[in-house]
$ cat upload.cif   # mmCIF, C-alpha atoms and all ligand atoms
data_input
#
loop_
_atom_site.label_atom_id
_atom_site.label_comp_id
_atom_site.auth_asym_id
_atom_site.auth_seq_id
_atom_site.Cartn_x
_atom_site.Cartn_y
_atom_site.Cartn_z
CA MET A 23 0.00 0.00 0.00
CA LYS A 24 1.56 3.24 -1.14
CA PRO A 25 -0.20 6.62 -1.18
CA LEU A 26 -0.27 8.16 -4.65
CA GLN A 27 -0.38 11.94 -4.75
CA VAL A 28 -3.02 13.52 -6.99
CA ALA A 29 -2.75 17.17 -5.86
CA SER A 30 -1.07 19.19 -3.13
CA GLY A 31 -1.94 17.35 0.10
CA ALA A 32 -4.33 14.95 -1.67
CA TYR A 33 -3.58 11.24 -2.01
CA PHE A 34 -5.19 7.87 -2.52
CA VAL A 35 -4.27 4.23 -2.15
CA GLN A 36 -5.26 1.92 -4.97
CA GLY A 37 -6.81 -1.47 -4.34
CA LEU A 38 -6.31 -4.51 -6.55
CA SER A 39 -8.63 -5.50 -9.40
CA GLU A 40 -9.54 -8.76 -7.67
CA LEU A 41 -12.26 -10.31 -5.58
CA GLY A 42 -11.79 -9.89 -1.84
CA SER A 43 -9.90 -12.76 -0.21
CA GLY A 44 -7.76 -13.69 2.77
CA ALA A 45 -4.72 -13.34 0.52
CA ASN A 46 -5.40 -9.68 -0.36
CA GLN A 47 -6.92 -8.64 3.01
CA ASN A 48 -9.89 -7.33 0.96
CA PHE A 49 -7.68 -4.61 -0.56
CA ILE A 50 -9.88 -4.33 -3.65
CA SER A 51 -11.08 -0.73 -3.38
CA ASN A 52 -9.47 2.69 -3.12
CA ALA A 53 -9.38 5.15 -0.23
CA GLY A 54 -8.40 8.80 -0.46
CA PHE A 55 -7.18 11.40 2.00
CA VAL A 56 -6.54 15.12 2.10
CA ILE A 57 -4.16 16.72 4.57
CA THR A 58 -5.38 20.13 5.72
CA ASP A 59 -3.81 22.59 8.18
CA ASP A 60 -5.96 21.19 11.01
CA GLY A 61 -6.12 17.49 10.34
CA VAL A 62 -6.83 14.86 7.74
CA VAL A 63 -10.04 14.00 5.91
CA VAL A 64 -10.23 10.40 4.69
CA VAL A 65 -12.61 9.20 1.99
CA ASP A 66 -13.63 5.55 2.49
CA ALA A 67 -12.17 3.17 5.02
CA LEU A 68 -11.01 0.14 2.95
CA GLY A 69 -12.16 -3.45 3.28
CA SER A 70 -10.71 -4.66 6.59
CA PRO A 71 -9.47 -3.19 9.88
CA GLU A 72 -5.92 -4.29 9.07
CA LEU A 73 -5.96 -2.27 5.84
CA ALA A 74 -7.25 0.75 7.74
CA ARG A 75 -4.38 0.39 10.20
CA ARG A 76 -1.91 0.29 7.32
CA LEU A 77 -3.53 3.37 5.79
CA LEU A 78 -3.29 5.22 9.12
CA GLN A 79 0.39 4.30 9.23
CA GLU A 80 0.94 5.62 5.72
CA ILE A 81 -0.86 8.86 6.61
CA SER A 82 1.28 9.27 9.73
CA LYS A 83 4.42 9.16 7.56
CA LEU A 84 3.13 12.27 5.76
CA THR A 85 1.69 14.28 8.65
CA ALA A 86 1.58 14.30 12.43
CA LEU A 87 -1.99 15.61 12.31
CA PRO A 88 -4.86 13.30 13.27
CA VAL A 89 -7.62 12.00 11.00
CA LYS A 90 -10.63 14.18 11.84
CA TYR A 91 -13.24 12.83 9.44
CA VAL A 92 -13.86 9.70 7.43
CA ILE A 93 -16.43 10.22 4.70
CA VAL A 94 -18.14 7.06 3.50
CA THR A 95 -19.04 7.19 -0.19
CA HIS A 96 -21.37 4.19 0.26
CA TYR A 97 -21.85 1.22 2.56
CA HIS A 98 -20.40 -1.59 0.46
CA ALA A 99 -18.25 -4.08 2.36
CA ASP A 100 -14.97 -3.31 0.60
CA HIS A 101 -15.22 0.39 1.53
CA ILE A 102 -16.32 0.17 5.16
CA TYR A 103 -14.83 -2.69 7.17
CA GLY A 104 -11.93 -0.46 8.17
CA LEU A 105 -14.19 2.18 9.74
CA GLN A 106 -13.82 0.95 13.31
CA VAL A 107 -10.08 1.69 13.22
CA PHE A 108 -10.62 5.34 12.26
CA LYS A 109 -13.40 5.64 14.82
CA GLU A 110 -11.08 4.31 17.56
CA ALA A 111 -8.48 6.84 16.41
CA GLY A 112 -10.99 9.60 17.13
CA ALA A 113 -12.33 10.37 13.65
CA THR A 114 -15.92 11.42 12.98
CA VAL A 115 -17.61 9.09 10.49
CA VAL A 116 -19.76 10.91 7.92
CA ALA A 117 -22.29 9.29 5.56
CA HIS A 118 -25.52 9.97 3.75
CA ALA A 119 -28.83 9.50 5.57
CA LEU A 120 -30.00 6.87 3.10
CA ALA A 121 -27.32 4.51 4.45
CA HIS A 122 -29.71 4.00 7.36
CA GLU A 123 -31.60 1.41 5.39
CA TYR A 124 -28.57 -0.72 4.57
CA LEU A 125 -27.17 -0.53 8.11
CA GLY A 126 -30.41 -1.93 9.51
CA SER A 127 -30.81 -4.59 6.83
CA ASP A 128 -30.42 -8.37 6.92
CA ALA A 129 -28.29 -8.04 3.79
CA ALA A 130 -25.68 -6.06 5.75
CA GLN A 131 -25.52 -8.76 8.45
CA GLN A 132 -25.37 -11.56 5.91
CA ARG A 133 -22.61 -9.81 4.02
CA LEU A 134 -20.59 -9.39 7.21
CA GLN A 135 -21.06 -13.09 8.03
CA SER A 136 -19.87 -14.19 4.61
CA SER A 137 -16.96 -11.74 4.70
CA ARG A 138 -15.86 -13.20 8.06
CA ARG A 139 -15.59 -16.51 6.23
CA ASP A 140 -14.21 -15.32 2.87
CA ILE A 141 -11.74 -12.74 4.17
CA ALA A 142 -10.58 -14.56 7.30
CA PRO A 143 -8.64 -13.79 9.36
CA TRP A 144 -8.74 -10.10 8.32
CA VAL A 145 -12.47 -9.75 8.77
CA ASP A 146 -13.47 -11.64 11.89
CA ALA A 147 -15.89 -11.71 14.83
CA ASN A 148 -14.48 -8.35 16.01
CA THR A 149 -15.19 -6.62 12.71
CA ARG A 150 -18.38 -4.63 12.92
CA LEU A 151 -20.58 -2.28 10.97
CA VAL A 152 -19.96 1.29 12.10
CA PRO A 153 -22.82 3.73 11.60
CA PRO A 154 -21.94 7.36 10.90
CA ASP A 155 -21.61 9.93 13.69
CA MET A 156 -22.70 12.61 11.27
CA TRP A 157 -25.46 12.10 8.73
CA VAL A 158 -25.74 14.34 5.71
CA GLY A 159 -28.85 14.83 3.60
CA GLN A 160 -31.23 14.31 6.51
CA SER A 161 -33.57 17.21 5.82
CA ASP A 162 -33.06 17.23 2.05
CA PRO A 163 -31.52 14.04 0.66
CA ARG A 164 -30.38 15.84 -2.52
CA ALA A 165 -28.71 18.83 -0.86
CA ASP A 166 -24.93 19.33 -0.92
CA THR A 167 -23.11 19.65 2.39
CA ILE A 168 -19.99 21.74 2.87
CA LEU A 169 -17.46 20.45 5.35
CA ARG A 170 -14.57 22.73 6.30
CA LEU A 171 -11.33 21.74 7.94
CA GLY A 172 -8.12 23.75 8.22
CA GLY A 173 -9.18 26.22 5.55
CA THR A 174 -10.02 23.49 3.02
CA GLU A 175 -13.56 23.11 1.77
CA PHE A 176 -15.06 19.71 0.99
CA LEU A 177 -18.25 19.54 -1.03
CA LEU A 178 -20.23 16.41 -0.18
CA ARG A 179 -22.68 15.80 -3.01
CA PRO A 180 -25.38 13.10 -2.84
CA VAL A 181 -25.58 11.35 -6.21
CA GLY A 182 -27.81 8.40 -5.34
CA PRO A 183 -29.83 6.43 -5.91
CA SER A 184 -27.29 5.23 -8.44
CA HIS A 185 -24.58 2.69 -7.52
CA THR A 186 -26.32 2.63 -4.10
CA PRO A 187 -29.11 4.75 -2.56
CA GLU A 188 -26.60 6.56 -0.32
CA ASP A 189 -23.89 7.44 -2.86
CA LEU A 190 -21.88 10.47 -1.84
CA VAL A 191 -19.04 12.02 -3.83
CA VAL A 192 -16.48 14.36 -2.31
CA HIS A 193 -15.17 17.32 -4.26
CA VAL A 194 -12.31 19.54 -3.10
CA PRO A 195 -12.73 22.61 -5.31
CA SER A 196 -9.46 24.29 -4.25
CA LEU A 197 -7.53 21.24 -5.47
CA GLY A 198 -9.77 20.25 -8.38
CA VAL A 199 -9.97 16.74 -6.93
CA LEU A 200 -13.11 14.64 -6.99
CA PHE A 201 -13.40 11.41 -5.00
CA ALA A 202 -16.13 9.65 -6.96
CA GLY A 203 -16.62 6.46 -4.95
CA ASP A 204 -18.08 3.63 -7.01
CA LEU A 205 -19.73 5.95 -9.50
CA LEU A 206 -16.51 5.40 -11.39
CA PHE A 207 -14.74 2.09 -11.99
CA ARG A 208 -11.48 1.87 -13.93
CA GLY A 209 -9.42 -1.10 -15.09
CA ARG A 210 -12.06 -3.67 -14.19
CA LEU A 211 -15.67 -4.48 -14.88
CA PRO A 212 -17.99 -2.28 -12.76
CA PHE A 213 -19.98 -3.94 -10.00
CA VAL A 214 -23.65 -3.19 -10.57
CA GLY A 215 -25.33 -5.07 -7.69
CA GLN A 216 -28.67 -3.49 -6.79
CA ALA A 217 -27.79 -0.25 -8.56
CA ASP A 218 -30.26 2.10 -10.19
CA SER A 219 -28.29 2.25 -13.43
CA GLY A 220 -30.47 4.98 -14.95
CA GLY A 221 -29.78 7.21 -11.95
CA TRP A 222 -26.13 6.22 -12.11
CA ILE A 223 -25.75 7.38 -15.73
CA ARG A 224 -27.41 10.70 -14.86
CA ALA A 225 -25.15 11.06 -11.82
CA LEU A 226 -22.04 10.66 -13.98
CA ASN A 227 -23.11 13.72 -15.92
CA ARG A 228 -23.47 15.66 -12.66
CA LEU A 229 -19.89 14.68 -11.80
CA LEU A 230 -18.61 16.10 -15.06
CA ALA A 231 -20.44 19.34 -14.25
CA LEU A 232 -18.05 19.81 -11.30
CA GLN A 233 -15.22 20.02 -13.88
CA PRO A 234 -12.68 18.18 -11.74
CA LYS A 235 -9.03 18.11 -12.78
CA VAL A 236 -8.49 14.70 -11.18
CA VAL A 237 -11.04 12.02 -10.38
CA VAL A 238 -10.20 9.29 -7.88
CA PRO A 239 -12.49 6.34 -8.59
CA GLY A 240 -13.69 3.74 -6.09
CA HIS A 241 -11.71 1.15 -8.04
CA GLY A 242 -8.73 1.60 -10.34
CA ALA A 243 -6.32 4.37 -11.25
CA ALA A 244 -6.98 8.09 -10.87
CA SER A 245 -8.13 9.90 -13.97
CA THR A 246 -7.01 13.25 -15.34
CA GLU A 247 -9.35 12.87 -18.30
CA PRO A 248 -12.72 12.47 -16.61
CA VAL A 249 -14.83 12.81 -19.75
CA ALA A 250 -13.06 9.96 -21.52
CA ASP A 251 -12.61 7.83 -18.44
CA LEU A 252 -16.22 8.03 -17.26
CA ALA A 253 -17.23 6.57 -20.60
CA LEU A 254 -16.38 2.95 -19.75
CA THR A 255 -18.69 2.89 -16.75
CA ARG A 256 -21.42 4.82 -18.56
CA ASP A 257 -21.27 2.81 -21.79
CA TYR A 258 -21.26 -0.50 -19.94
CA LEU A 259 -24.32 0.48 -17.89
CA GLN A 260 -26.08 1.70 -21.01
CA TYR A 261 -25.21 -1.50 -22.89
CA LEU A 262 -26.65 -3.61 -20.07
CA ARG A 263 -29.79 -1.49 -20.03
CA ASP A 264 -30.23 -1.66 -23.82
CA ARG A 265 -29.63 -5.38 -24.20
CA MET A 266 -31.40 -6.55 -21.05
CA GLY A 267 -34.17 -4.01 -21.54
CA GLU A 268 -34.93 -5.35 -24.99
CA GLY A 269 -35.04 -8.92 -23.71
CA ALA A 270 -37.19 -8.00 -20.72
CA ARG A 271 -39.68 -6.10 -22.90
CA ASN A 272 -39.96 -9.11 -25.23
CA MET A 273 -40.31 -11.32 -22.14
CA ASP A 274 -37.45 -13.50 -23.39
CA PRO A 275 -36.00 -15.64 -20.60
CA PHE A 276 -32.87 -14.13 -19.03
CA ASP A 277 -30.63 -17.11 -19.87
CA GLU A 278 -31.45 -16.80 -23.52
CA VAL A 279 -30.94 -13.01 -23.56
CA TYR A 280 -27.62 -13.42 -21.77
CA ARG A 281 -26.44 -16.11 -24.17
CA ARG A 282 -27.23 -14.18 -27.33
CA THR A 283 -25.70 -10.90 -26.12
CA ASP A 284 -22.32 -10.01 -27.59
CA TRP A 285 -20.02 -9.43 -24.59
CA SER A 286 -16.79 -9.23 -26.61
CA ARG A 287 -16.21 -5.58 -25.70
CA TYR A 288 -16.03 -6.41 -22.00
CA SER A 289 -15.04 -10.07 -21.74
CA ALA A 290 -11.31 -9.44 -21.48
CA MET A 291 -11.70 -7.05 -18.53
CA PRO A 292 -10.66 -8.13 -15.03
CA LEU A 293 -13.59 -9.52 -13.01
CA PHE A 294 -15.73 -10.11 -16.12
CA GLU A 295 -16.25 -13.77 -15.20
CA ALA A 296 -16.95 -12.91 -11.58
CA ALA A 297 -19.36 -10.04 -12.12
CA ASN A 298 -20.87 -9.79 -15.59
CA ARG A 299 -23.62 -12.38 -15.36
CA MET A 300 -24.91 -11.02 -12.06
CA ASN A 301 -24.68 -7.44 -13.37
CA ALA A 302 -26.73 -8.48 -16.40
CA TYR A 303 -29.26 -10.39 -14.32
CA ASN A 304 -29.81 -7.51 -11.91
CA THR A 305 -30.20 -5.15 -14.84
CA TYR A 306 -32.72 -7.52 -16.47
CA LEU A 307 -34.80 -7.46 -13.26
CA LEU A 308 -34.46 -3.67 -13.07
CA MET A 309 -35.62 -3.30 -16.66
CA GLU A 310 -38.62 -5.52 -15.96
CA ARG A 311 -39.57 -3.19 -13.11
CA GLU A 312 -38.93 -0.08 -15.23
CA ALA A 313 -40.94 -1.40 -18.19
CA PRO A 314 -44.23 0.47 -18.64
ZN ZN A 401 -19.63 -0.35 -4.23
#
$ encode --input "upload.cif" --output "structure tokens" --more "lines below"
Ligand SMILES: [Zn+2]
Amino acid sequence: MKPLQVASGAYFVQGLSELGSGANQNFISNAGFVITDDGVVVVDALGSPELARRLLQEISKLTALPVKYVIVTHYHADHIYGLQVFKEAGATVVAHALAHEYLGSDAAQQRLQSSRRDIAPWVDANTRLVPPDMWVGQSDPRADTILRLGGTEFLLRPVGPSHTPEDLVVHVPSLGVLFAGDLLFRGRLPFVGQADSGGWIRALNRLLALQPKVVVPGHGAASTEPVADLALTRDYLQYLRDRMGEGARNMDPFDEVYRRTDWSRYSAMPLFEAANRMNAYNTYLLMEREAP
């Protein structure tokens, strides 16, 4: 784990394009941080407490200041199982109000159970879900929140429901840096899960409107050409919606639609085998629900 600098005082660590496992400690997603004059703001907490400890260590090599805030872009396992370490270190955990639903869900508990098995010993019985100390978007779920620390302004913009209901991106206007969470995937097939892919595509356009110089994605390398680099995620989502939407409208069985779809544009990407079929299936179900 090595922090990569994207602007003055702004860094991220880049996870591997793999599935989470004991061998990689669930280091499959990115986390960012910005060092201000009064402390550090971290974006996402990585996929296990051990990774969070390593990130804290890396931060401490760059500054003696403490981590004041950890902003959660969304409550997916690979971004949150390190939260407890930052919380113990005194940081305030910030997330969007719509994360409430996931935190209270059976799905969250089941995911934690399976992660304790799949990512042992790094995620274990002591790993827990940490709810935010500070909710944003409580009175108006669409409203931006400005967080200030040490003279640096952080714009927290809700962009869900898209990848998840609670998606939050973090823009640092003075640096031109945007931490996009899982709105942006690079170097691997996006994970669609229960996403609202129509909302996701619209949200990508709202990210471009911020005119960032650098975008740090939830997965993969940072981008200095956001317009071009957002295209993979957007085109893939649109392709799923077009192909699965057509099949769902014709009421063709999913297996048949999946089999006849040309996946050649995506099949060489990392995690295609692991994720594409489920992405397509979830999109097929979504398109059935969206169909008039
Ligand atoms: Zn995610």
$ residues_near_ligand --input "upload.cif" --ligand "ligand ZN 401 (chain A)" --cutoff "7 Å" --atoms "all atoms listed in the file" --output "list in words"
His96, His98, His185, Asp204 and Phe213 of chain A
$ residues_around --input "upload.cif" --residues "region 234-240 of chain A" --least-positions-apart "5" --cutoff "6 Å" --atoms "only C-alpha atoms" --output "PyMOL selection string"
chain A and resi 51-52+198-204+206-207+245-246
$ residues_around --input "upload.cif" --residues "Arg263 (chain A)" --least-positions-apart "5" --cutoff "8 Å" --atoms "only C-alpha atoms" --output "list of chain:residue names"
A:Ser219, A:Thr305, A:Tyr306, A:Met309
$ atom_distance --input "upload.cif" --atom1 "CA of Arg281 (chain A)" --atom2 "CA of Gly209 (chain A)"
24.4 Å
$ residues_around --input "upload.cif" --residues "Pro180 (chain A)" --least-positions-apart "5" --cutoff "7 Å" --atoms "all atoms listed in the file" --output "count of residues only"
6
$ residues_around --input "upload.cif" --residues "Glu110 (chain A)" --least-positions-apart "3" --cutoff "12 Å" --atoms "all atoms listed in the file" --output "PDB file with C-alpha atoms, in the coordinates of the input"
ATOM      1  CA  PRO A  71      -9.470  -3.190   9.880  1.00  0.00           C
ATOM      2  CA  ALA A  74      -7.250   0.750   7.740  1.00  0.00           C
ATOM      3  CA  ARG A  75      -4.380   0.390  10.200  1.00  0.00           C
ATOM      4  CA  LEU A  78      -3.290   5.220   9.120  1.00  0.00           C
ATOM      5  CA  PRO A  88      -4.860  13.300  13.270  1.00  0.00           C
ATOM      6  CA  VAL A  89      -7.620  12.000  11.000  1.00  0.00           C
ATOM      7  CA  LYS A  90     -10.630  14.180  11.840  1.00  0.00           C
ATOM      8  CA  TYR A  91     -13.240  12.830   9.440  1.00  0.00           C
ATOM      9  CA  VAL A  92     -13.860   9.700   7.430  1.00  0.00           C
ATOM     10  CA  GLY A 104     -11.930  -0.460   8.170  1.00  0.00           C
ATOM     11  CA  LEU A 105     -14.190   2.180   9.740  1.00  0.00           C
ATOM     12  CA  GLN A 106     -13.820   0.950  13.310  1.00  0.00           C
ATOM     13  CA  VAL A 107     -10.080   1.690  13.220  1.00  0.00           C
ATOM     14  CA  ALA A 113     -12.330  10.370  13.650  1.00  0.00           C
ATOM     15  CA  THR A 114     -15.920  11.420  12.980  1.00  0.00           C
ATOM     16  CA  VAL A 115     -17.610   9.090  10.490  1.00  0.00           C
ATOM     17  CA  VAL A 152     -19.960   1.290  12.100  1.00  0.00           C
TER      18      VAL A 152
END
$ closest_atom_pairs --input "upload.cif" --of "region 186-283 of chain A" --to "region 123-143 of chain A" --cutoff "10 Å" --atoms "all atoms listed in the file" --output "JSON lines"
{"residue": "A:Thr186", "atom": "CA", "partner": "A:Tyr124", "partner_atom": "CA", "distance": 9.6}
{"residue": "A:Pro187", "atom": "CA", "partner": "A:Glu123", "partner_atom": "CA", "distance": 9.0}
{"residue": "A:Glu188", "atom": "CA", "partner": "A:Tyr124", "partner_atom": "CA", "distance": 9.0}
$ residues_around --input "upload.cif" --residues "Pro163 (chain A)" --least-positions-apart "2" --cutoff "10 Å" --atoms "all atoms listed in the file" --output "number ranges by chain"
A: 118-120, 158-161, 165-166, 179-182, 188
$ closest_residue --input "upload.cif" --among "A:Glu310, A:Glu72, A:Asp284, A:Asp257" --to "Arg271 (chain A)" --atoms "only C-alpha atoms"
A:Glu310
$ closest_residue --input "upload.cif" --among "A:Ala243, A:Ile93, A:Leu87, A:Val145" --to "Leu169 (chain A)" --atoms "all atoms listed in the file"
A:Ile93
$ atom_distance --input "upload.cif" --atom1 "CA of Thr58 (chain A)" --atom2 "CA of Thr174 (chain A)"
6.3 Å
$ atom_distance --input "upload.cif" --atom1 "CA of Ala86 (chain A)" --atom2 "CA of Val62 (chain A)"
9.6 Å
$ closest_residue --input "upload.cif" --among "A:Leu84, A:Met23, A:Ile102, A:Leu211" --to "Phe294 (chain A)" --atoms "all atoms listed in the file"
A:Leu211
$ closest_residue --input "upload.cif" --among "A:Leu151, A:Gly242, A:Leu177, A:Ser70" --to "Pro292 (chain A)" --atoms "only C-alpha atoms"
A:Gly242
$ axis_aligned_box --input "upload.cif" --around "region 272-287 of chain A" --padding-each-side "8 Å" --output "AutoDock Vina command-line options"
--center_x -28.3 --center_y -11.3 --center_z -23.3 --size_x 40.1 --size_y 27.5 --size_z 24.6
$ closest_residue --input "upload.cif" --among "A:Leu205, A:Ala121, A:Val116, A:Val249" --to "Thr167 (chain A)" --atoms "only C-alpha atoms"
A:Val116
$ closest_residue --input "upload.cif" --among "A:Lys109, A:His193, A:Arg287, A:Arg256" --to "Trp222 (chain A)" --atoms "only C-alpha atoms"
A:Arg256
$ build_atoms --input "upload.cif" --residues "region 236-268 of chain A" --atoms "N, CA and C atoms" --output "PDB file, in the coordinates of the input"
ATOM      1  N   VAL A 236      -8.848  16.100 -11.456  1.00  0.00           N
ATOM      2  CA  VAL A 236      -8.490  14.700 -11.180  1.00  0.00           C
ATOM      3  C   VAL A 236      -9.687  14.016 -10.544  1.00  0.00           C
ATOM      4  N   VAL A 237      -9.987  12.810 -11.011  1.00  0.00           N
ATOM      5  CA  VAL A 237     -11.040  12.020 -10.380  1.00  0.00           C
ATOM      6  C   VAL A 237     -10.408  10.753  -9.811  1.00  0.00           C
ATOM      7  N   VAL A 238     -10.639  10.533  -8.511  1.00  0.00           N
ATOM      8  CA  VAL A 238     -10.200   9.290  -7.880  1.00  0.00           C
ATOM      9  C   VAL A 238     -11.403   8.362  -7.838  1.00  0.00           C
ATOM     10  N   PRO A 239     -11.342   7.247  -8.564  1.00  0.00           N
ATOM     11  CA  PRO A 239     -12.490   6.340  -8.590  1.00  0.00           C
ATOM     12  C   PRO A 239     -12.513   5.448  -7.347  1.00  0.00           C
ATOM     13  N   GLY A 240     -13.610   4.710  -7.190  1.00  0.00           N
ATOM     14  CA  GLY A 240     -13.690   3.740  -6.090  1.00  0.00           C
ATOM     15  C   GLY A 240     -12.809   2.536  -6.345  1.00  0.00           C
ATOM     16  N   HIS A 241     -12.534   2.283  -7.632  1.00  0.00           N
ATOM     17  CA  HIS A 241     -11.710   1.150  -8.040  1.00  0.00           C
ATOM     18  C   HIS A 241     -10.882   1.569  -9.233  1.00  0.00           C
ATOM     19  N   GLY A 242      -9.586   1.315  -9.191  1.00  0.00           N
ATOM     20  CA  GLY A 242      -8.730   1.600 -10.340  1.00  0.00           C
ATOM     21  C   GLY A 242      -7.975   2.907 -10.203  1.00  0.00           C
ATOM     22  N   ALA A 243      -7.237   3.237 -11.259  1.00  0.00           N
ATOM     23  CA  ALA A 243      -6.320   4.370 -11.250  1.00  0.00           C
ATOM     24  C   ALA A 243      -7.057   5.708 -11.302  1.00  0.00           C
ATOM     25  N   ALA A 244      -6.408   6.737 -10.795  1.00  0.00           N
ATOM     26  CA  ALA A 244      -6.980   8.090 -10.870  1.00  0.00           C
ATOM     27  C   ALA A 244      -7.016   8.537 -12.326  1.00  0.00           C
ATOM     28  N   SER A 245      -7.941   9.435 -12.600  1.00  0.00           N
ATOM     29  CA  SER A 245      -8.130   9.900 -13.970  1.00  0.00           C
ATOM     30  C   SER A 245      -7.913  11.406 -14.065  1.00  0.00           C
ATOM     31  N   THR A 246      -7.133  11.820 -15.066  1.00  0.00           N
ATOM     32  CA  THR A 246      -7.010  13.250 -15.340  1.00  0.00           C
ATOM     33  C   THR A 246      -7.794  13.610 -16.596  1.00  0.00           C
ATOM     34  N   GLU A 247      -8.483  12.615 -17.151  1.00  0.00           N
ATOM     35  CA  GLU A 247      -9.350  12.870 -18.300  1.00  0.00           C
ATOM     36  C   GLU A 247     -10.738  12.322 -18.014  1.00  0.00           C
ATOM     37  N   PRO A 248     -11.450  13.016 -17.092  1.00  0.00           N
ATOM     38  CA  PRO A 248     -12.720  12.470 -16.610  1.00  0.00           C
ATOM     39  C   PRO A 248     -13.727  12.163 -17.713  1.00  0.00           C
ATOM     40  N   VAL A 249     -13.806  13.027 -18.724  1.00  0.00           N
ATOM     41  CA  VAL A 249     -14.830  12.810 -19.750  1.00  0.00           C
ATOM     42  C   VAL A 249     -14.615  11.471 -20.447  1.00  0.00           C
ATOM     43  N   ALA A 250     -13.365  11.216 -20.829  1.00  0.00           N
ATOM     44  CA  ALA A 250     -13.060   9.960 -21.520  1.00  0.00           C
ATOM     45  C   ALA A 250     -13.180   8.782 -20.563  1.00  0.00           C
ATOM     46  N   ASP A 251     -12.718   8.975 -19.333  1.00  0.00           N
ATOM     47  CA  ASP A 251     -12.610   7.830 -18.440  1.00  0.00           C
ATOM     48  C   ASP A 251     -13.943   7.456 -17.776  1.00  0.00           C
ATOM     49  N   LEU A 252     -14.888   8.384 -17.744  1.00  0.00           N
ATOM     50  CA  LEU A 252     -16.220   8.030 -17.260  1.00  0.00           C
ATOM     51  C   LEU A 252     -16.969   7.179 -18.275  1.00  0.00           C
ATOM     52  N   ALA A 253     -16.469   7.208 -19.518  1.00  0.00           N
ATOM     53  CA  ALA A 253     -17.230   6.570 -20.600  1.00  0.00           C
ATOM     54  C   ALA A 253     -17.358   5.058 -20.417  1.00  0.00           C
ATOM     55  N   LEU A 254     -16.308   4.403 -19.910  1.00  0.00           N
ATOM     56  CA  LEU A 254     -16.380   2.950 -19.750  1.00  0.00           C
ATOM     57  C   LEU A 254     -17.555   2.567 -18.853  1.00  0.00           C
ATOM     58  N   THR A 255     -17.607   3.204 -17.684  1.00  0.00           N
ATOM     59  CA  THR A 255     -18.690   2.890 -16.750  1.00  0.00           C
ATOM     60  C   THR A 255     -20.037   3.213 -17.387  1.00  0.00           C
ATOM     61  N   ARG A 256     -20.132   4.394 -17.989  1.00  0.00           N
ATOM     62  CA  ARG A 256     -21.420   4.820 -18.560  1.00  0.00           C
ATOM     63  C   ARG A 256     -21.852   3.909 -19.710  1.00  0.00           C
ATOM     64  N   ASP A 257     -20.913   3.613 -20.618  1.00  0.00           N
ATOM     65  CA  ASP A 257     -21.270   2.810 -21.790  1.00  0.00           C
ATOM     66  C   ASP A 257     -21.649   1.383 -21.392  1.00  0.00           C
ATOM     67  N   TYR A 258     -20.943   0.858 -20.404  1.00  0.00           N
ATOM     68  CA  TYR A 258     -21.260  -0.500 -19.940  1.00  0.00           C
ATOM     69  C   TYR A 258     -22.661  -0.541 -19.346  1.00  0.00           C
ATOM     70  N   LEU A 259     -22.976   0.428 -18.489  1.00  0.00           N
ATOM     71  CA  LEU A 259     -24.320   0.480 -17.890  1.00  0.00           C
ATOM     72  C   LEU A 259     -25.383   0.620 -18.966  1.00  0.00           C
ATOM     73  N   GLN A 260     -25.099   1.484 -19.945  1.00  0.00           N
ATOM     74  CA  GLN A 260     -26.080   1.700 -21.010  1.00  0.00           C
ATOM     75  C   GLN A 260     -26.258   0.437 -21.849  1.00  0.00           C
ATOM     76  N   TYR A 261     -25.150  -0.266 -22.093  1.00  0.00           N
ATOM     77  CA  TYR A 261     -25.210  -1.500 -22.890  1.00  0.00           C
ATOM     78  C   TYR A 261     -26.067  -2.541 -22.158  1.00  0.00           C
ATOM     79  N   LEU A 262     -25.824  -2.678 -20.849  1.00  0.00           N
ATOM     80  CA  LEU A 262     -26.650  -3.610 -20.070  1.00  0.00           C
ATOM     81  C   LEU A 262     -28.119  -3.231 -20.156  1.00  0.00           C
ATOM     82  N   ARG A 263     -28.388  -1.947 -20.010  1.00  0.00           N
ATOM     83  CA  ARG A 263     -29.790  -1.490 -20.030  1.00  0.00           C
ATOM     84  C   ARG A 263     -30.437  -1.728 -21.401  1.00  0.00           C
ATOM     85  N   ASP A 264     -29.679  -1.470 -22.465  1.00  0.00           N
ATOM     86  CA  ASP A 264     -30.230  -1.660 -23.820  1.00  0.00           C
ATOM     87  C   ASP A 264     -30.514  -3.141 -24.084  1.00  0.00           C
ATOM     88  N   ARG A 265     -29.496  -3.963 -23.854  1.00  0.00           N
ATOM     89  CA  ARG A 265     -29.630  -5.380 -24.200  1.00  0.00           C
ATOM     90  C   ARG A 265     -30.629  -6.095 -23.275  1.00  0.00           C
ATOM     91  N   MET A 266     -30.506  -5.863 -21.985  1.00  0.00           N
ATOM     92  CA  MET A 266     -31.400  -6.550 -21.050  1.00  0.00           C
ATOM     93  C   MET A 266     -32.804  -5.959 -21.135  1.00  0.00           C
ATOM     94  N   GLY A 267     -32.872  -4.670 -21.420  1.00  0.00           N
ATOM     95  CA  GLY A 267     -34.170  -4.010 -21.540  1.00  0.00           C
ATOM     96  C   GLY A 267     -34.958  -4.573 -22.715  1.00  0.00           C
ATOM     97  N   GLU A 268     -34.261  -4.793 -23.821  1.00  0.00           N
ATOM     98  CA  GLU A 268     -34.930  -5.350 -24.990  1.00  0.00           C
ATOM     99  C   GLU A 268     -35.465  -6.754 -24.693  1.00  0.00           C
TER     100      GLU A 268
END
